[in-house]
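Shown next: my_file34.cif, given as mmCIF, C-alpha atoms.
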```
data_upload
#
loop_
_atom_site.label_atom_id
_atom_site.label_comp_id
_atom_site.auth_asym_id
_atom_site.auth_seq_id
_atom_site.Cartn_x
_atom_site.Cartn_y
_atom_site.Cartn_z
CA MET A 9 6.14 -15.21 14.92
CA VAL A 10 3.18 -13.95 16.90
CA ARG A 11 0.11 -16.19 16.92
CA ARG A 12 -2.50 -14.61 14.66
CA VAL A 13 -5.95 -15.08 13.18
CA LEU A 14 -6.71 -13.21 9.96
CA SER A 15 -9.95 -13.38 8.05
CA ILE A 16 -11.48 -11.40 5.19
CA GLN A 17 -15.11 -12.46 5.04
CA GLN A 18 -18.62 -11.47 4.02
CA GLN A 19 -20.34 -12.77 7.13
CA ASP A 20 -20.65 -10.97 10.45
CA PHE A 21 -18.42 -11.89 13.40
CA ASP A 22 -18.94 -12.38 17.13
CA VAL A 23 -16.67 -10.04 19.09
CA ALA A 24 -16.96 -11.99 22.35
CA ARG A 25 -16.02 -15.24 20.65
CA LEU A 26 -13.06 -13.71 18.80
CA GLN A 27 -11.75 -12.27 22.04
CA GLN A 28 -12.21 -15.55 23.89
CA GLU A 29 -10.25 -17.39 21.16
CA LEU A 30 -7.51 -14.76 21.35
CA VAL A 31 -7.05 -15.26 25.09
CA ALA A 32 -7.38 -19.06 25.09
CA GLU A 33 -4.32 -21.04 26.12
CA GLU A 34 -2.10 -18.00 26.67
CA PRO A 35 -1.35 -18.03 30.40
CA GLU A 36 0.85 -14.93 30.11
CA MET A 37 -1.80 -12.83 28.39
CA GLY A 38 -2.83 -10.23 30.93
CA ALA A 39 -4.27 -7.62 28.57
CA VAL A 40 -6.44 -7.63 25.47
CA VAL A 41 -7.34 -4.43 23.63
CA SER A 42 -9.96 -4.78 20.93
CA PHE A 43 -11.31 -2.34 18.37
CA THR A 44 -14.54 -2.79 16.42
CA GLY A 45 -15.39 -0.52 13.48
CA TYR A 46 -19.01 0.01 12.40
CA VAL A 47 -20.75 1.39 9.30
CA ARG A 48 -21.95 4.94 9.99
CA GLY A 49 -25.48 5.90 8.97
CA ARG A 50 -24.29 9.40 8.18
CA SER A 51 -21.12 10.58 6.54
CA GLY A 52 -20.73 14.34 6.95
CA ASP A 53 -23.95 15.74 5.44
CA ARG A 54 -24.77 12.59 3.52
CA GLU A 55 -27.08 9.90 4.71
CA VAL A 56 -25.77 6.43 4.06
CA SER A 57 -28.21 3.63 3.29
CA SER A 58 -25.54 1.01 2.53
CA MET A 59 -21.83 0.61 2.09
CA GLU A 60 -20.03 -1.77 -0.24
CA LEU A 61 -16.51 -2.94 0.57
CA GLU A 62 -14.19 -4.26 -2.10
CA HIS A 63 -10.73 -5.76 -1.60
CA TYR A 64 -7.81 -7.21 -3.56
CA PRO A 65 -7.83 -10.92 -2.69
CA GLY A 66 -4.30 -12.02 -1.92
CA MET A 67 -2.70 -8.60 -1.55
CA THR A 68 -5.08 -7.57 1.22
CA GLU A 69 -4.14 -10.60 3.32
CA ARG A 70 -0.42 -10.16 2.62
CA SER A 71 -0.55 -6.52 3.54
CA ILE A 72 -2.31 -7.20 6.86
CA GLU A 73 0.16 -10.01 7.63
CA GLY A 74 2.94 -7.48 7.10
CA ILE A 75 1.28 -4.94 9.42
CA ILE A 76 0.93 -7.62 12.13
CA ASP A 77 4.62 -8.56 11.71
CA GLN A 78 5.62 -4.90 12.07
CA ALA A 79 3.52 -4.52 15.22
CA ALA A 80 4.95 -7.72 16.69
CA ALA A 81 8.47 -6.44 16.01
CA ARG A 82 7.74 -3.26 18.00
CA TRP A 83 5.84 -4.68 20.97
CA PRO A 84 5.91 -8.01 22.86
CA LEU A 85 2.58 -9.35 21.58
CA LEU A 86 1.11 -12.75 22.40
CA GLY A 87 -1.75 -12.84 19.89
CA VAL A 88 -3.38 -10.74 17.17
CA THR A 89 -6.77 -11.19 15.51
CA VAL A 90 -7.87 -9.16 12.48
CA VAL A 91 -11.25 -9.74 10.85
CA HIS A 92 -12.44 -7.46 8.03
CA ARG A 93 -15.73 -7.77 6.24
CA VAL A 94 -16.32 -7.20 2.52
CA GLY A 95 -19.50 -6.98 0.45
CA VAL A 96 -22.63 -4.88 1.05
CA LEU A 97 -23.14 -3.71 4.65
CA THR A 98 -25.89 -1.59 6.21
CA PRO A 99 -25.45 1.17 8.85
CA GLY A 100 -24.74 -0.25 12.28
CA SER A 101 -23.03 -3.33 10.85
CA ARG A 102 -19.63 -4.34 12.14
CA ILE A 103 -16.89 -3.84 9.51
CA VAL A 104 -13.62 -4.60 11.23
CA TYR A 105 -12.27 -6.21 14.41
CA VAL A 106 -8.72 -5.87 15.66
CA GLY A 107 -7.81 -7.67 18.87
CA VAL A 108 -4.34 -7.56 20.41
CA GLY A 109 -3.20 -9.60 23.38
CA SER A 110 -0.09 -8.95 25.43
CA SER A 111 1.20 -9.44 28.95
CA HIS A 112 0.49 -5.83 29.90
CA ARG A 113 -1.88 -3.13 28.71
CA GLY A 114 0.62 -0.61 27.32
CA SER A 115 1.76 -2.69 24.39
CA ALA A 116 -1.77 -3.97 23.72
CA PHE A 117 -3.20 -0.42 23.50
CA ALA A 118 -0.37 0.84 21.32
CA ALA A 119 -0.30 -2.14 18.96
CA ALA A 120 -4.08 -2.09 18.44
CA GLU A 121 -3.91 1.55 17.39
CA TYR A 122 -0.84 0.93 15.23
CA ILE A 123 -2.51 -1.97 13.40
CA MET A 124 -5.68 0.05 12.76
CA ASP A 125 -3.72 3.09 11.54
CA PHE A 126 -1.80 1.02 8.99
CA LEU A 127 -4.80 -1.10 8.04
CA LYS A 128 -6.66 2.09 7.10
CA THR A 129 -3.83 3.51 5.01
CA GLY A 130 -2.07 0.42 3.68
CA ALA A 131 -4.43 -2.52 3.20
CA PRO A 132 -6.22 -2.57 -0.17
CA PHE A 133 -9.89 -2.13 0.72
CA TRP A 134 -12.24 0.40 -0.88
CA LYS A 135 -15.58 1.67 0.41
CA LYS A 136 -18.47 2.82 -1.74
CA GLU A 137 -21.35 4.56 0.02
CA THR A 138 -24.91 4.56 -1.27
CA GLY A 139 -27.34 7.25 -0.12
CA PRO A 140 -30.46 9.06 -1.34
CA THR A 141 -28.48 10.90 -4.03
CA GLY A 142 -26.72 7.83 -5.40
CA ALA A 143 -23.47 5.99 -4.83
CA CYS A 144 -19.96 7.36 -4.47
CA TRP A 145 -16.51 6.03 -3.61
CA VAL A 146 -15.26 7.17 -0.23
CA GLU A 147 -12.22 9.47 -0.53
CA ALA A 148 -9.06 8.68 1.44
CA ARG A 149 -8.71 10.99 4.45
CA ASN A 150 -5.59 13.02 5.19
CA SER A 151 -6.16 12.49 8.90
CA ASP A 152 -5.69 8.75 8.40
CA GLU A 153 -2.35 9.36 6.66
CA THR A 154 -1.29 11.66 9.49
CA ALA A 155 -2.24 9.02 12.05
CA ALA A 156 -0.12 6.39 10.33
CA ARG A 157 2.81 8.75 9.75
CA ARG A 158 3.28 9.58 13.44
CA TRP A 159 4.49 6.00 14.06
CA ARG A 160 7.36 6.57 11.64
CA ASP A 161 8.49 10.00 12.93
CA MET B 3 1.70 -13.18 -20.06
CA ILE B 4 1.08 -10.31 -17.63
CA LYS B 5 -2.12 -10.34 -15.58
CA VAL B 6 -3.49 -6.83 -15.08
CA LEU B 7 -6.14 -6.05 -12.44
CA PHE B 8 -8.20 -2.91 -11.82
CA PHE B 9 -10.03 -2.17 -8.58
CA ALA B 10 -12.76 0.10 -7.21
CA ARG B 11 -13.20 3.51 -8.91
CA ILE B 12 -10.56 2.68 -11.54
CA ARG B 13 -12.34 -0.57 -12.46
CA GLU B 14 -15.60 1.35 -12.89
CA GLN B 15 -14.03 4.19 -14.87
CA LEU B 16 -12.41 1.74 -17.29
CA GLY B 17 -15.38 -0.62 -17.37
CA CYS B 18 -12.87 -3.45 -16.97
CA ASP B 19 -11.84 -5.53 -13.96
CA GLY B 20 -8.76 -6.96 -15.58
CA LEU B 21 -7.09 -8.41 -18.64
CA GLU B 22 -4.16 -10.51 -19.74
CA ILE B 23 -1.56 -9.12 -22.03
CA GLY B 24 1.20 -11.05 -23.79
CA PHE B 25 4.62 -10.13 -22.37
CA ARG B 26 6.87 -8.36 -24.87
CA GLU B 27 10.44 -7.15 -24.63
CA ASN B 28 9.27 -3.54 -24.75
CA MET B 29 7.40 -3.99 -21.43
CA ALA B 30 10.58 -3.70 -19.41
CA ASN B 31 8.92 -1.79 -16.60
CA LEU B 32 5.56 -0.70 -15.22
CA ALA B 33 5.64 2.60 -17.14
CA ALA B 34 6.08 0.73 -20.43
CA LEU B 35 3.22 -1.65 -19.65
CA GLN B 36 1.00 1.30 -18.74
CA ALA B 37 1.91 3.01 -22.04
CA SER B 38 0.94 -0.06 -24.04
CA LEU B 39 -2.37 -0.39 -22.15
CA ILE B 40 -3.12 3.25 -22.94
CA ALA B 41 -2.13 2.85 -26.59
CA ALA B 42 -4.44 -0.16 -27.00
CA HIS B 43 -7.57 1.47 -25.54
CA GLU B 44 -9.82 4.50 -25.77
CA PRO B 45 -8.50 7.93 -24.63
CA ARG B 46 -10.16 7.69 -21.20
CA TRP B 47 -7.64 4.99 -20.22
CA GLU B 48 -4.92 7.62 -20.38
CA GLN B 49 -6.80 10.00 -18.05
CA VAL B 50 -7.65 7.22 -15.60
CA LEU B 51 -4.26 5.45 -15.47
CA ASN B 52 -2.21 8.67 -15.47
CA ALA B 53 -4.24 10.35 -12.70
CA PRO B 54 -1.93 11.58 -9.91
CA ASN B 55 -3.36 9.43 -7.12
CA VAL B 56 -3.27 6.06 -8.90
CA ILE B 57 -1.56 3.36 -6.82
CA ARG B 58 0.21 0.49 -8.59
CA ALA B 59 1.31 -2.92 -7.39
CA VAL B 60 3.46 -5.64 -8.94
CA ASN B 61 2.97 -9.16 -7.57
CA GLN B 62 0.87 -7.69 -4.74
CA GLN B 63 3.57 -5.29 -3.55
CA LEU B 64 3.33 -1.51 -4.03
CA ALA B 65 5.47 -0.44 -6.97
CA ASP B 66 6.65 2.73 -8.72
CA LEU B 67 6.47 3.26 -12.47
CA ASP B 68 10.13 2.31 -12.91
CA HIS B 69 9.55 -1.11 -11.31
CA PRO B 70 10.88 -3.81 -13.70
CA LEU B 71 8.46 -6.41 -15.07
CA SER B 72 8.93 -9.98 -16.16
CA ASP B 73 6.75 -12.57 -17.83
CA GLY B 74 4.13 -13.96 -15.44
CA ASP B 75 3.89 -10.87 -13.22
CA GLU B 76 0.60 -9.69 -11.74
CA VAL B 77 0.06 -5.93 -11.98
CA ALA B 78 -2.72 -3.95 -10.29
CA PHE B 79 -4.00 -0.37 -10.52
CA PHE B 80 -6.16 1.04 -7.75
CA PRO B 81 -7.18 4.28 -6.01
CA PRO B 82 -6.07 5.27 -2.47
CA VAL B 83 -7.35 2.71 0.02
CA THR B 84 -10.27 3.39 2.34
CA GLY B 85 -10.77 0.31 4.50
CA GLY B 86 -11.08 -0.14 8.24
#
```
Output the file's structure in the form of structure tokens.
Amino acid sequence: MVRRVLSIQQQDFDVARLQQELVAEEPEMGAVVSFTGYVRGRSGDREVSSMELEHYPGMTERSIEGIIDQAAARWPLLGVTVVHRVGVLTPGSRIVYVGVGSSHRGSAFAAAEYIMDFLKTGAPFWKKETGPTGACWVEARNSDETAARRWRD
Amino acid sequence: MIKVLFFARIREQLGCDGLEIGFRENMANLAALQASLIAAHEPRWEQVLNAPNVIRAVNQQLADLDHPLSDGDEVAFFPPVTGG
């Protein structure tokens, strides 16, 4: 089983520290690809003043564990870190970090994208945006489904 | 006892984040449980729980309406996910 760190948390995270911990004590790790997602201050035509993230404690963790297992079955990974924030976040805040370490860059790039694609379409999180005209739940995007589906075809 | 959880838009539309319901023989599957939830509440529960994009889980795994249930299961209803 690939070494992994998984955290669902309210507090912010330090990308440099997460990456350092991912690399530590893995002499064969020659490549780390990391993705950080941020809260946008604008969503289409709507201004966003804050975003609230809800999750399903228990199922969210299980579902991300499953996505990591799937990625590790496809590529020779040496370490995976996934941190996802919940609660109320303001524009510019970090939401999600995915870091993937491997011996070479190809599998690290591919697995990072794979994990993000399935995290967006499979892990139970929900976003609610608040703007000048009130609050509304973010709708699921077809483009996210398409991104995840291409790994299966 | 079946533990039922509602998340996000569905939780708000029902005004309920969850409930516990005594397990009965007629709750053989998820569809039957959903029917008894609808029967026990106001009409808006039917609209909300029968909406085409509702996602359901049993014991934290995605499940279809014909998924069998047993006493002690945890069932959840939620809208399409939007994390990341």
Taking only C-alpha atoms into account and nothing else, which residues of chain B lie no more than 8 Å away from chain A? Please answer as a ChimeraX atom specification. /B:9-11,62-63,82-86
Residues picked by the PyMOL selection byres ((chain B and resi 53) around 12) here, as a PDB file with C-alpha atoms, in the coordinates of the input?
```pdb
ATOM      1  CA  ARG B  11     -13.200   3.510  -8.910  1.00  0.00           C
ATOM      2  CA  ILE B  12     -10.560   2.680 -11.540  1.00  0.00           C
ATOM      3  CA  GLN B  15     -14.030   4.190 -14.870  1.00  0.00           C
ATOM      4  CA  ARG B  46     -10.160   7.690 -21.200  1.00  0.00           C
ATOM      5  CA  TRP B  47      -7.640   4.990 -20.220  1.00  0.00           C
ATOM      6  CA  GLU B  48      -4.920   7.620 -20.380  1.00  0.00           C
ATOM      7  CA  GLN B  49      -6.800  10.000 -18.050  1.00  0.00           C
ATOM      8  CA  VAL B  50      -7.650   7.220 -15.600  1.00  0.00           C
ATOM      9  CA  LEU B  51      -4.260   5.450 -15.470  1.00  0.00           C
ATOM     10  CA  ASN B  52      -2.210   8.670 -15.470  1.00  0.00           C
ATOM     11  CA  PRO B  54      -1.930  11.580  -9.910  1.00  0.00           C
ATOM     12  CA  ASN B  55      -3.360   9.430  -7.120  1.00  0.00           C
ATOM     13  CA  VAL B  56      -3.270   6.060  -8.900  1.00  0.00           C
ATOM     14  CA  ILE B  57      -1.560   3.360  -6.820  1.00  0.00           C
ATOM     15  CA  ARG B  58       0.210   0.490  -8.590  1.00  0.00           C
ATOM     16  CA  PHE B  79      -4.000  -0.370 -10.520  1.00  0.00           C
ATOM     17  CA  PHE B  80      -6.160   1.040  -7.750  1.00  0.00           C
ATOM     18  CA  PRO B  81      -7.180   4.280  -6.010  1.00  0.00           C
ATOM     19  CA  PRO B  82      -6.070   5.270  -2.470  1.00  0.00           C
TER      20      PRO B  82
END
```
Report the centre and edge lengths, in Å to one decimal, of an axis-aligned box enclosing every atom of region 12-31 of chain B listed in the file, padded by 4 Å on each side, as lines of an AutoDock Vina configuration file.
```
center_x = -2.5
center_y = -3.4
center_z = -18.2
size_x = 34.2
size_y = 23.2
size_z = 21.3
```
Taken to one decimal, the CA of Ala156 (chain A)-CA of Val108 (chain A) distance is 17.7 Å
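Considering all atoms listed in the file, the residue among B:Ala59, B:Ala42, B:Met3, B:Ala65 positioned nearest to Arg26 (chain B) is B:Met3.
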Shell around Thr138 (chain A) at 6 Å using only C-alpha atoms, local window under 6 positions removed, as a tab-separated table (two decimals) with C-alpha atoms, in the frame of the given file:
```
chain	number	residue	atom	x	y	z
A	56	VAL	CA	-25.77	6.43	4.06
A	57	SER	CA	-28.21	3.63	3.29
A	58	SER	CA	-25.54	1.01	2.53
```
Translate the PyMOL selection byres ((chain A and resi 35) around 12) into a concrete residue list for this structure, as a PyMOL selection string. chain A and resi 30-34+36-39+86-87+109-111
Around (8.6, -7.2, 20.5) in the file's frame, which residues reach within 12 Å when counting all atoms listed in the file? Return as a PyMOL selection string? chain A and resi 9-10+76-87+110-111+115-116+119
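Picked by the PyMOL selection byres ((chain A and resi 49) around 12) from the coordinates shown: Tyr46, Val47, Arg48, Arg50, Ser51, Gly52, Asp53, Arg54, Glu55, Val56, Ser57, Ser58, Met59, Leu97, Thr98, Pro99, Gly100, Ser101, Glu137, Thr138, Gly139 and Pro140 of chain A.
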Find the residues near Asp19 (chain B): any atom within 8 Å, counting all atoms listed in the file, skip ones fewer than 6 places away on the same chain, and give them as a compact mmCIF listing (two decimals) with C-alpha atoms, in the coordinates of the input.
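Saved to out-v2.txt:
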```txt
# COMPACT_ATOMS: atom_id res chain seq x y z
CA LEU B 7 -6.14 -6.05 -12.44
CA PHE B 8 -8.20 -2.91 -11.82
CA PHE B 9 -10.03 -2.17 -8.58
CA ARG B 13 -12.34 -0.57 -12.46
```
Which one of A:Val88, A:Asp161, A:Asn150, A:Ile123 sits closest to Arg11 (chain A) if you count all atoms listed in the file?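 Among the listed residues, the smallest separation from Arg11 (chain A) belongs to A:Val88.
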Please, what distance in Å, to one decimal, runs between CA of Ser72 (chain B) and CA of Ala34 (chain B)? 11.9 Å
Just the number, please: distance in Å from CA of Ser42 (chain A) to CA of Ala155 (chain A), one decimal. 18.1 Å
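Considering all atoms listed in the file, the residue among A:Ala120, A:Val23, A:Val41, A:Leu14 positioned nearest to Thr89 (chain A) is A:Leu14.
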Since the input lacks some atoms of region 57-74 of chain B, please model N, CA and C atoms and print them as a PDB file, keeping the file's coordinate frame.
```
ATOM      1  N   ILE B  57      -2.537   4.200  -7.511  1.00  0.00           N
ATOM      2  CA  ILE B  57      -1.560   3.360  -6.820  1.00  0.00           C
ATOM      3  C   ILE B  57      -1.355   2.099  -7.661  1.00  0.00           C
ATOM      4  N   ARG B  58      -0.105   1.654  -7.754  1.00  0.00           N
ATOM      5  CA  ARG B  58       0.210   0.490  -8.590  1.00  0.00           C
ATOM      6  C   ARG B  58       0.904  -0.572  -7.741  1.00  0.00           C
ATOM      7  N   ALA B  59       0.644  -1.814  -8.091  1.00  0.00           N
ATOM      8  CA  ALA B  59       1.310  -2.920  -7.390  1.00  0.00           C
ATOM      9  C   ALA B  59       1.795  -3.930  -8.424  1.00  0.00           C
ATOM     10  N   VAL B  60       2.953  -4.532  -8.131  1.00  0.00           N
ATOM     11  CA  VAL B  60       3.460  -5.640  -8.940  1.00  0.00           C
ATOM     12  C   VAL B  60       3.595  -6.846  -8.010  1.00  0.00           C
ATOM     13  N   ASN B  61       2.977  -7.953  -8.396  1.00  0.00           N
ATOM     14  CA  ASN B  61       2.970  -9.160  -7.570  1.00  0.00           C
ATOM     15  C   ASN B  61       2.547  -8.853  -6.129  1.00  0.00           C
ATOM     16  N   GLN B  62       1.517  -8.004  -6.025  1.00  0.00           N
ATOM     17  CA  GLN B  62       0.870  -7.690  -4.740  1.00  0.00           C
ATOM     18  C   GLN B  62       1.750  -6.902  -3.782  1.00  0.00           C
ATOM     19  N   GLN B  63       2.760  -6.221  -4.347  1.00  0.00           N
ATOM     20  CA  GLN B  63       3.570  -5.290  -3.550  1.00  0.00           C
ATOM     21  C   GLN B  63       3.504  -3.930  -4.237  1.00  0.00           C
ATOM     22  N   LEU B  64       3.381  -2.849  -3.442  1.00  0.00           N
ATOM     23  CA  LEU B  64       3.330  -1.510  -4.030  1.00  0.00           C
ATOM     24  C   LEU B  64       4.565  -1.275  -4.885  1.00  0.00           C
ATOM     25  N   ALA B  65       4.358  -0.611  -6.034  1.00  0.00           N
ATOM     26  CA  ALA B  65       5.470  -0.440  -6.970  1.00  0.00           C
ATOM     27  C   ALA B  65       5.389   0.921  -7.646  1.00  0.00           C
ATOM     28  N   ASP B  66       6.576   1.491  -7.943  1.00  0.00           N
ATOM     29  CA  ASP B  66       6.650   2.730  -8.720  1.00  0.00           C
ATOM     30  C   ASP B  66       6.685   2.389 -10.202  1.00  0.00           C
ATOM     31  N   LEU B  67       6.534   3.466 -11.014  1.00  0.00           N
ATOM     32  CA  LEU B  67       6.470   3.260 -12.470  1.00  0.00           C
ATOM     33  C   LEU B  67       7.758   2.661 -13.043  1.00  0.00           C
ATOM     34  N   ASP B  68       8.884   2.861 -12.360  1.00  0.00           N
ATOM     35  CA  ASP B  68      10.130   2.310 -12.910  1.00  0.00           C
ATOM     36  C   ASP B  68      10.385   0.862 -12.446  1.00  0.00           C
ATOM     37  N   HIS B  69       9.399   0.266 -11.784  1.00  0.00           N
ATOM     38  CA  HIS B  69       9.550  -1.110 -11.310  1.00  0.00           C
ATOM     39  C   HIS B  69       9.671  -2.059 -12.507  1.00  0.00           C
ATOM     40  N   PRO B  70      10.712  -2.905 -12.550  1.00  0.00           N
ATOM     41  CA  PRO B  70      10.880  -3.810 -13.700  1.00  0.00           C
ATOM     42  C   PRO B  70       9.799  -4.907 -13.717  1.00  0.00           C
ATOM     43  N   LEU B  71       9.468  -5.358 -14.912  1.00  0.00           N
ATOM     44  CA  LEU B  71       8.460  -6.410 -15.070  1.00  0.00           C
ATOM     45  C   LEU B  71       9.097  -7.628 -15.729  1.00  0.00           C
ATOM     46  N   SER B  72       8.546  -8.798 -15.397  1.00  0.00           N
ATOM     47  CA  SER B  72       8.930  -9.980 -16.160  1.00  0.00           C
ATOM     48  C   SER B  72       7.695 -10.817 -16.454  1.00  0.00           C
ATOM     49  N   ASP B  73       7.873 -11.730 -17.390  1.00  0.00           N
ATOM     50  CA  ASP B  73       6.750 -12.570 -17.830  1.00  0.00           C
ATOM     51  C   ASP B  73       6.147 -13.287 -16.626  1.00  0.00           C
ATOM     52  N   GLY B  74       4.815 -13.284 -16.537  1.00  0.00           N
ATOM     53  CA  GLY B  74       4.130 -13.960 -15.440  1.00  0.00           C
ATOM     54  C   GLY B  74       3.766 -13.057 -14.270  1.00  0.00           C
TER      55      GLY B  74
END
```
